[in-house]
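Enquirer: Here's a structure for you.
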Amino acid sequence: MFGIRAVIRNAAFTRVAVAHRVPSAFVARRFYSDHEETYEEFTNRYVKFFENVDEQFELQRGLNNCFAYDLVPDVAICEAALRAARRIDDYATAVRVFEALKIKVDKPSQYDDYLQALKPVMDELGVETKEDLGF
């Protein structure tokens, strides 16, 4: 009995709500962006993001968002992420940057190029790859 009343009441409410709906011709639609971001803009946005990171959650969220795109992040982004990880004292996330790069690149030679480009930063910050750690 309680269920039937609820159904009738909900049906009546639905009819009233539908009857007072604004016609779709009068609804303003917003399109937030027509602009497609270039690779340089993408790189600058994430470098700036990682320079301002001050906690682990933000760092990991930024890395997840950055690596979710259908491209391999620039060396500058990886460097900024590594510096952010060491700044907030999160060594594990710094190592995981290299794991993500290894998965994201198409060829092993590309991963080696990234390692070579990031070698000075790795030495400066004391970050090693998973393979260097023996895993």
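Labels used: A, B, ... for chains in the order of the structure tokens, numbers from 1 for residues in each chain, and numbers from 1 for ligands as shown.
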Excluding Gly126 of chain A and residues on its chain fewer than 6 positions from it, collect all residues at most 12 Å away from it, counting only C-alpha atoms, and give them as a list of chain:residue names.
Expert: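 Here the qualifying residues turn out to be A:Leu82, A:Arg83, A:Ala85, A:Arg86, A:Asp89, A:Tyr91, A:Ala94, A:Val95, A:Leu118, A:Lys119, A:Pro120, A:Asp132, A:Leu133.
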Enquirer: Since we have the selection now, will you write its residues out, keeping N, CA and C atoms, as a short mmCIF file (atom, residue, chain, number, x, y, z; two decimals), in the first residue's frame?
Expert:
```cif
data_model
loop_
_atom_site.label_atom_id
_atom_site.label_comp_id
_atom_site.auth_asym_id
_atom_site.auth_seq_id
_atom_site.Cartn_x
_atom_site.Cartn_y
_atom_site.Cartn_z
N LEU A 82 59.72 15.34 -11.07
CA LEU A 82 60.75 14.77 -10.21
C LEU A 82 61.16 15.75 -9.11
N ARG A 83 61.32 17.00 -9.47
CA ARG A 83 61.69 18.02 -8.49
C ARG A 83 60.57 18.20 -7.46
N ALA A 85 58.41 15.88 -6.55
CA ALA A 85 58.40 14.68 -5.71
C ALA A 85 59.49 14.76 -4.62
N ARG A 86 60.65 15.21 -4.99
CA ARG A 86 61.73 15.32 -4.00
C ARG A 86 61.49 16.48 -3.04
N ASP A 89 59.30 15.28 -0.52
CA ASP A 89 59.90 14.09 0.08
C ASP A 89 59.10 12.83 -0.22
N TYR A 91 59.83 9.94 -2.47
CA TYR A 91 60.77 9.22 -3.33
C TYR A 91 60.06 8.19 -4.20
N ALA A 94 58.62 9.63 -7.26
CA ALA A 94 59.69 10.00 -8.20
C ALA A 94 60.10 8.78 -9.03
N VAL A 95 60.20 7.64 -8.39
CA VAL A 95 60.55 6.41 -9.11
C VAL A 95 59.44 6.01 -10.06
N LEU A 118 67.26 12.95 -18.62
CA LEU A 118 66.96 13.23 -17.21
C LEU A 118 68.09 12.80 -16.27
N LYS A 119 69.16 12.26 -16.80
CA LYS A 119 70.27 11.76 -15.97
C LYS A 119 70.84 12.84 -15.05
N PRO A 120 71.09 14.07 -15.51
CA PRO A 120 71.61 15.09 -14.59
C PRO A 120 70.66 15.40 -13.43
N ASP A 132 67.31 0.15 -11.45
CA ASP A 132 68.53 0.44 -10.69
C ASP A 132 68.40 0.03 -9.22
N LEU A 133 67.17 0.03 -8.74
CA LEU A 133 66.93 -0.37 -7.35
C LEU A 133 66.87 -1.88 -7.19
#
```
Enquirer: Atom CA of Asp112 of chain A and atom CA of Asn52 of chain A, how far apart in Å?
Expert: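 Atom CA of Asp112 of chain A lies 28.2 Å from atom CA of Asn52 of chain A.
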Enquirer: Of the residues A:Phe57, A:Phe67, A:Glu128, A:Pro73, which is the one nearest to Glu41 of chain A, using only C-alpha atoms?
Expert: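 Result for the nearest residue to Glu41 of chain A: A:Pro73.
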Enquirer: What does the distance between atom CA of Cys78 of chain A and atom CA of Glu51 of chain A come to in Å, to one decimal place?
Expert: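 So the two atoms, atom CA of Cys78 of chain A and atom CA of Glu51 of chain A, lie 11.3 Å apart.
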Enquirer: If we count only C-alpha atoms, what is near Ile77 of chain A at a cut-off of 9 Å, once residues fewer than 6 positions away on the same chain are taken out, given as a list in words?
Expert: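 Listing them by chain and then by number gives Thr43, Asn44, Tyr46, Val47, Lys48, Phe50 and Cys66 of chain A.
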Enquirer: Which of these, A:His35, A:Val121, A:Thr129, A:Phe42, has the shortest distance to Ala84 of chain A once you count only C-alpha atoms?
Expert: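 When distances to Ala84 of chain A are compared using only C-alpha atoms, the smallest one comes from A:Val121.
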